[in-house]
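What follows is one structure encoded as structure tokens, with my remarks underneath.
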Amino acid sequence: MTTQAALIASIKEQTLLAEITALSGWDALTGMPKDAGHFRADIDAYLAEKTFQVATGAKRQQLLADFKQDASGLDAFGQLIFAKAQKDFDVTGKLPEKDYIDFQRTLSEAQDFWAQAREANDYTIFQPYVEKIIAYLKQFIPLWQTNEATPYDVLLNQYEPGLNVAKLDAVFDELKAGIMALRTQLQTDGTTPDSHFLSRRITKDQQKAYALAASQRLGYDLNKGRLDDTIHPFMEALNRDDARITTRWDEHNFQMAVLGIFHEAGHGLFEQNVAAKYDDVRAVMPISMSIHESQSLFNEVMIGRSKAFWQAEYPKMQATFAPTFDDITFETFYRGWIKTEATLIRTEADPLTYPLHIIIRYEIEKAIFNDNVPVADLPQLWRDKYQEYLGLTVPDDLTGILQDIHWAGGSFGYFPSYALGHLYAAQFMATMKKTLDFDQIYASGDYTPIFAWRREHIWQHGGAVDPGEILVTVTGEALNPKYWLDVMQQLYATAYQLPHARG
Ligand SMILES: [Zn+2]
């Protein structure tokens with residue numbers, strides 16, 4: 001008879017393979033010698049094949065089929081794991097094996113051509129691959145589709161279970177209108193802060209010393225993590241005792257690494273604090289992107305842009321950076337720290353303009369899958385939207401449609417998670433403020449109550465609960481962009497000294 005232990009043993013094998021794959025991925029982006037890529041590709045391909053076999057092979061299929069027929073041998077935990085494993089299987093297991101393999105090959109080629117197109121600053125080099133990837137996805141969507149209303153809903157659901165285009169349209173419309181109104185207000189009634197001092201030289205060692213100390217105060221455990229240099233920062237978790245973060249440095253822009261490390265440490269905090277009962281089954285219980293981002297952005301924006309936090313932290317940072325900021329008062333520092341400016345590049349955007357970058361991508365992706373807009377039209381669509389929403393003229397493909405790797409990786413439907421992370425973070429913050437006195441906590445220098453709240457209400461659940469469900473359970477309300485807009489209104493009204501600014 002098939003037992004729960006057999007199911008868990010099979011998933012544990014998948015989890016161990018995922019850990020090795022993660023370790024290889026982390027190494028490739030941090031310390032791997034430049035010439036080792038070719039051999040490493042063989043190792044990664046081998047691991048991917050093994051993982052595919054374990055996750056979708058005959059043994060797994062038998063286990064799932066047995067429990068589908070008779071689930072009486074499963075306790076509550078077993079039922080959860082079974083549902084997650086079935087869902088994990090459906091993403092790849094429902095596709096014909098040959099198509100799946102061809103699709104993976106197309107993706108790896110597409111990434112090379114994306115890089116070539118970037119080098120030549122010419123979208124047309126990448127365009128045939130985008131067309132191919134979209135054609136594959138349009139072929140897969142009916143195989144994945146269950147009760148989703150539109151083709152794009154199917155893609156969205158793979159990253160953000162439970163959310164759909166109808167709900168997201170309403171949320172993003174409100175968000176877009178709110179951001180654009182606030183930006184207009186800042187331009188007409190606001191006093192733009194001076195932020196020149198932010199480019200004063202701070203050595204990498206000074207930046208590292210401050211950012212790591214502050215991240216540890218927020219709870220990131222360096223006995224279960226580490227910080228390395230990379231080009232595009234990320235967090236990679238092997239397991240809850242090994243959640244590694246990375247960053248990049250610019251000695252004339254310390255804000256980038258400080259907020260970047262806060263962000264990645266937020267991802268690391270989540271992974272370090274998932275309940276031990278999920279150790280063996282992590283592979284089929286990925287934490288949804290939006291909830292993960294809500295925790296990195298909680299560190300970066302809700303804490304890392306908060307006035308009360310910096311009131312406590314600025315003297316510590318000044319001491320670490322001494323004497324460079326000795327002549328900058330706290331008020332001057334904080335106003336400069338919050339300054340907002342539209343940028344062409346999404347990853348360089350500040351919190352206020354960031355969601356507009358996501359809304360642009362969301363609207364384009366929806367146009368591709370639900371309105372069948374031709375791929376050749378996308379660069380113009382991109383330029384039009386940047387002009388309309390951010391007031392920016394896109395000069396070329398490199399700073400326009402070629403800036404993100406996501407489409408080359410086939411990740412259509414993924415972008416909205418980033419904006420949702422911002423919204424969730426603010427909604428959690430509003431709930432936390434009902435029971436936690438943040439001003440008092442920051443002033444005390446002991447941030448444990450914030451850590452404890454996040455661990456109890458969010459982190460320990462890992463990927464067990466869908467994001468929409470966590471949000472309702474924790475905040476008592478479905479997704480509501482009002483909380484984020486309130487936070488932004490308050491932050492920027494203060495920094496830009498708007499006439500009716502609240503403190
Ligand atoms: Zn992140």
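Labels for the structure tokens follow display order: chains A, B, ..., residues from 1 in each chain, ligands from 1.
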
- Task: Write as a PyMOL selection string the residues around ligand 1, taking 9 Å as the cut-off and counting only C-alpha atoms and all ligand atoms.
- Result: chain A and resi 233-235+260+263-264+266-267+289+292-297+418+421

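For A:Tyr414, the set of protein, DNA and RNA residues having any atom at most 12 Å away, when counting only C-alpha atoms and skipping those fewer than 5 positions along the same chain, is Tyr152, Asp153, Val154, Leu155, Leu156, Asn157, Gln158, Tyr159, Glu160, Pro161, Ser288, Met289, Ser290, Glu293, Ile358, Ile359, Arg361, Tyr362, Glu365, Lys366, Asp404, Ile405, His406, Trp407, Gly409, Ala419, Leu420 and Gly421 of chain A.
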
Store the residues of this selection in a file with C-alpha atoms, as a short mmCIF file (atom, residue, chain, number, x, y, z; two decimals), in the first residue's frame.
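Printed below is again09.cif as written:
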```
data_model
loop_
_atom_site.label_atom_id
_atom_site.label_comp_id
_atom_site.auth_asym_id
_atom_site.auth_seq_id
_atom_site.Cartn_x
_atom_site.Cartn_y
_atom_site.Cartn_z
CA TYR A 152 -3.38 35.51 -19.30
CA ASP A 153 -5.16 34.45 -16.10
CA VAL A 154 -3.61 31.00 -16.55
CA LEU A 155 -0.08 32.42 -16.59
CA LEU A 156 -0.81 34.80 -13.72
CA ASN A 157 -2.07 31.91 -11.62
CA GLN A 158 1.19 30.01 -11.86
CA TYR A 159 2.92 32.78 -9.90
CA GLU A 160 0.05 34.23 -7.94
CA PRO A 161 -2.50 31.51 -7.10
CA SER A 288 4.79 32.62 -3.72
CA MET A 289 6.79 35.42 -5.28
CA SER A 290 4.49 38.19 -4.09
CA GLU A 293 8.69 40.20 -2.15
CA ILE A 358 5.17 46.85 -13.42
CA ILE A 359 1.80 48.12 -14.62
CA ARG A 361 4.65 45.28 -18.28
CA TYR A 362 1.36 43.85 -17.04
CA GLU A 365 1.64 40.99 -21.35
CA LYS A 366 -2.14 41.08 -21.17
CA ASP A 404 14.57 42.67 -18.32
CA ILE A 405 15.55 39.03 -18.73
CA HIS A 406 12.11 37.71 -17.67
CA TRP A 407 10.56 37.28 -21.11
CA GLY A 409 13.11 33.05 -19.50
CA ALA A 419 4.00 45.29 -7.41
CA LEU A 420 1.84 43.02 -5.26
CA GLY A 421 4.80 42.66 -2.89
#
```

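Proximity to A:Phe254 was assessed for A:Asp229, A:Asp371, A:Asp205, A:Asp280 counting only C-alpha atoms; the smallest distance is recorded for A:Asp205.
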
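Near stretch 483-488 of chain A, within 8 Å and counting only C-alpha atoms, sit Leu175, Gly178, Ile179, Leu352, His422, Leu423, Ala425, Ala426, Gln427, Ala430, Asn480, Leu491 and Tyr492 of chain A; same-chain residues fewer than 3 positions away were not included.
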
Save the residues we just selected, N, CA and C atoms, as a PDB file, in the first residue's frame?
```
ATOM      1  N   LEU A 175      -4.185  52.057  -8.342  1.00  0.00           N
ATOM      2  CA  LEU A 175      -2.788  52.335  -8.030  1.00  0.00           C
ATOM      3  C   LEU A 175      -2.200  53.364  -8.998  1.00  0.00           C
ATOM      4  N   GLY A 178      -3.589  56.825  -8.405  1.00  0.00           N
ATOM      5  CA  GLY A 178      -3.067  57.384  -7.151  1.00  0.00           C
ATOM      6  C   GLY A 178      -1.634  57.856  -7.295  1.00  0.00           C
ATOM      7  N   ILE A 179      -0.796  57.040  -7.935  1.00  0.00           N
ATOM      8  CA  ILE A 179       0.621  57.409  -8.097  1.00  0.00           C
ATOM      9  C   ILE A 179       0.742  58.647  -8.984  1.00  0.00           C
ATOM     10  N   LEU A 352       7.997  54.947  -5.185  1.00  0.00           N
ATOM     11  CA  LEU A 352       6.796  55.594  -5.713  1.00  0.00           C
ATOM     12  C   LEU A 352       6.574  55.299  -7.197  1.00  0.00           C
ATOM     13  N   HIS A 422       4.824  45.083  -2.938  1.00  0.00           N
ATOM     14  CA  HIS A 422       4.746  46.424  -2.341  1.00  0.00           C
ATOM     15  C   HIS A 422       3.417  46.607  -1.600  1.00  0.00           C
ATOM     16  N   LEU A 423       2.334  46.213  -2.284  1.00  0.00           N
ATOM     17  CA  LEU A 423       1.002  46.426  -1.707  1.00  0.00           C
ATOM     18  C   LEU A 423       0.793  45.582  -0.451  1.00  0.00           C
ATOM     19  N   ALA A 425       3.107  44.452   1.548  1.00  0.00           N
ATOM     20  CA  ALA A 425       3.955  44.969   2.632  1.00  0.00           C
ATOM     21  C   ALA A 425       3.245  46.094   3.377  1.00  0.00           C
ATOM     22  N   ALA A 426       2.629  47.005   2.616  1.00  0.00           N
ATOM     23  CA  ALA A 426       1.948  48.140   3.245  1.00  0.00           C
ATOM     24  C   ALA A 426       0.713  47.689   4.022  1.00  0.00           C
ATOM     25  N   GLN A 427       0.011  46.709   3.468  1.00  0.00           N
ATOM     26  CA  GLN A 427      -1.196  46.220   4.145  1.00  0.00           C
ATOM     27  C   GLN A 427      -0.830  45.501   5.455  1.00  0.00           C
ATOM     28  N   ALA A 430       0.018  48.172   8.064  1.00  0.00           N
ATOM     29  CA  ALA A 430      -1.152  48.817   8.668  1.00  0.00           C
ATOM     30  C   ALA A 430      -1.710  47.950   9.800  1.00  0.00           C
ATOM     31  N   ASN A 480      -5.917  45.539  -0.897  1.00  0.00           N
ATOM     32  CA  ASN A 480      -6.444  46.893  -0.982  1.00  0.00           C
ATOM     33  C   ASN A 480      -5.286  47.879  -1.158  1.00  0.00           C
ATOM     34  N   LEU A 491       4.974  59.513   3.248  1.00  0.00           N
ATOM     35  CA  LEU A 491       6.430  59.622   3.060  1.00  0.00           C
ATOM     36  C   LEU A 491       6.787  60.855   2.240  1.00  0.00           C
ATOM     37  N   TYR A 492       6.128  61.000   1.103  1.00  0.00           N
ATOM     38  CA  TYR A 492       6.541  62.049   0.166  1.00  0.00           C
ATOM     39  C   TYR A 492       6.012  63.424   0.548  1.00  0.00           C
TER      40      TYR A 492
END
```

- Task: Write out as a list in words the residues lying within 10 Å of A:Glu119, counting only C-alpha atoms and excluding same-chain residues fewer than 5 positions away.
- Result: Phe113, Trp114 and Leu398 of chain A

Save out the residues we just selected, C-alpha atoms, as a PDB file, in the first residue's frame.
```pdb
ATOM      1  CA  PHE A 113      19.948  36.100 -28.116  1.00  0.00           C
ATOM      2  CA  TRP A 114      18.572  38.491 -25.512  1.00  0.00           C
ATOM      3  CA  LEU A 398      18.540  48.747 -24.264  1.00  0.00           C
TER       4      LEU A 398
END
```

- Option closest in space to A:Val258, from A:Val375, A:Ile202, A:Val465, A:Leu29 [counting only C-alpha atoms]: A:Ile202

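Rounded to one decimal, atom CA of A:Tyr46 and atom CA of A:Leu107 lie 16.8 Å from each other.
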
- Can you work out the spacing between atom CA of A:Gln53 and atom CA of A:Ala28 in Å, to one decimal? 23.8 Å

- Task: Using DSSP on the backbone, list every residue of stretch 179-347 of chain A that comes out as strand (DSSP E), and give them as number ranges by chain.
- Result: A: 227-229, 235-239, 242-247

Next, write the just-selected residues to a file, as a short mmCIF file (atom, residue, chain, number, x, y, z; two decimals), in the first residue's frame, keeping C-alpha atoms as the atom set.
```cif
data_model
loop_
_atom_site.label_atom_id
_atom_site.label_comp_id
_atom_site.auth_asym_id
_atom_site.auth_seq_id
_atom_site.Cartn_x
_atom_site.Cartn_y
_atom_site.Cartn_z
CA LEU A 227 26.86 38.04 1.95
CA ASP A 228 28.72 37.87 -1.37
CA ASP A 229 29.30 40.16 -4.33
CA MET A 235 18.94 35.74 -2.32
CA GLU A 236 19.44 31.99 -2.66
CA ALA A 237 18.12 29.69 0.04
CA LEU A 238 19.22 26.06 0.17
CA ASN A 239 17.25 25.46 3.35
CA ASP A 242 21.44 28.41 4.68
CA ALA A 243 19.86 31.53 3.14
CA ARG A 244 22.55 33.48 1.29
CA ILE A 245 22.34 37.06 0.12
CA THR A 246 24.32 38.98 -2.50
CA THR A 247 24.85 42.60 -3.44
#
```

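Of the residues listed (A:Ala342, A:Ala478, A:Ala45, A:Leu471), A:Ala342 shows the shortest atom-to-atom separation from A:Met180; distances use only C-alpha atoms.
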
- Among A:Gly400, A:Gly391, A:Pro315, A:Pro449, A:Ile345 is approached most closely, using only C-alpha atoms, by A:Gly400

- Using only C-alpha atoms, which residue out of A:Ile364, A:Leu143, A:Ile231, A:Ala214 lies closest to A:Asp377? A:Ile364

Find the spatial neighbours of A:Trp459, counting only C-alpha atoms, within a cut-off of 12 Å - ignore same-chain residues fewer than 2 positions away - and output them as a short mmCIF file (atom, residue, chain, number, x, y, z; two decimals) with C-alpha atoms, in the first residue's frame.
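What landed in part-v9.cif:
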```cif
data_model
loop_
_atom_site.label_atom_id
_atom_site.label_comp_id
_atom_site.auth_asym_id
_atom_site.auth_seq_id
_atom_site.Cartn_x
_atom_site.Cartn_y
_atom_site.Cartn_z
CA ARG A 240 16.29 27.36 6.52
CA GLY A 266 14.27 40.40 4.01
CA HIS A 267 14.09 37.44 1.63
CA GLY A 268 16.66 35.65 3.78
CA LEU A 269 14.69 36.30 7.00
CA PHE A 270 11.68 34.60 5.46
CA GLU A 271 13.62 31.48 4.48
CA GLN A 272 15.46 31.26 7.81
CA ASN A 273 12.19 31.25 9.71
CA VAL A 274 10.00 28.75 7.88
CA ALA A 275 8.73 26.07 10.29
CA ALA A 276 10.93 22.96 10.53
CA TYR A 278 8.37 21.72 5.98
CA ILE A 287 6.79 30.50 -1.28
CA SER A 288 4.79 32.62 -3.72
CA ILE A 291 4.61 37.17 -0.43
CA HIS A 292 8.37 36.72 -0.65
CA SER A 294 6.37 41.60 0.50
CA GLN A 295 9.00 40.65 3.07
CA SER A 296 12.04 41.95 1.19
CA PHE A 451 10.85 40.17 13.94
CA ALA A 452 8.61 38.08 16.21
CA TRP A 453 5.41 39.39 14.60
CA ARG A 454 6.59 38.64 11.08
CA ARG A 455 7.78 35.16 12.03
CA GLU A 456 4.54 34.24 13.74
CA HIS A 457 2.13 35.63 11.15
CA HIS A 461 3.97 29.23 7.10
CA GLY A 462 6.43 29.12 4.21
CA GLY A 463 4.59 28.18 1.03
CA ALA A 464 1.80 26.30 2.81
CA VAL A 465 -0.84 28.99 2.34
CA PRO A 467 -0.87 34.67 -0.72
CA ILE A 470 -2.46 34.89 4.21
#
```

- Item | Residue neighbourhood A:Thr56, 6 Å, only C-alpha atoms, exclusion window fewer than 2 positions, as a PyMOL selection string | chain A and resi 52-54+60+89+93

Would you export the selected residues with N, CA and C atoms as a CSV table (one decimal), in the first residue's frame, please?
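That gives us again_33.csv:
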```csv
chain,number,residue,atom,x,y,z
A,52,PHE,N,13.5,16.5,-13.1
A,52,PHE,CA,12.3,16.2,-13.9
A,52,PHE,C,11.8,14.8,-13.7
A,53,GLN,N,12.7,13.9,-13.7
A,53,GLN,CA,12.3,12.4,-13.5
A,53,GLN,C,11.7,12.2,-12.2
A,54,VAL,N,12.3,12.8,-11.1
A,54,VAL,CA,11.7,12.5,-9.8
A,54,VAL,C,10.4,13.2,-9.6
A,60,ARG,N,6.5,9.0,-9.2
A,60,ARG,CA,5.6,10.1,-8.7
A,60,ARG,C,4.2,10.0,-9.2
A,89,PHE,N,3.2,18.9,-10.0
A,89,PHE,CA,3.2,17.9,-11.2
A,89,PHE,C,2.5,18.5,-12.4
A,93,GLY,N,4.0,18.2,-15.8
A,93,GLY,CA,3.5,16.9,-16.1
A,93,GLY,C,2.4,16.9,-17.1
```

- Using only C-alpha atoms, the shortest atom-to-atom distance to A:Trp144 among A:Leu222, A:Leu95, A:Phe330, A:Arg282 belongs to A:Leu95

- Distance of atom CA of A:Gly304 from atom CA of A:Gln185, expressed in Å to one decimal place: 23.6 Å

- Task: Enumerate as a PyMOL selection string all residues of stretch 285-439 of chain A assigned to helix (DSSP H, G or I) by DSSP on the backbone, naming them with the chain letters and numbers the document uses.
- Result: chain A and resi 289-303+307-320+330-338+346-348+354-371+375-390+416-435+438-439
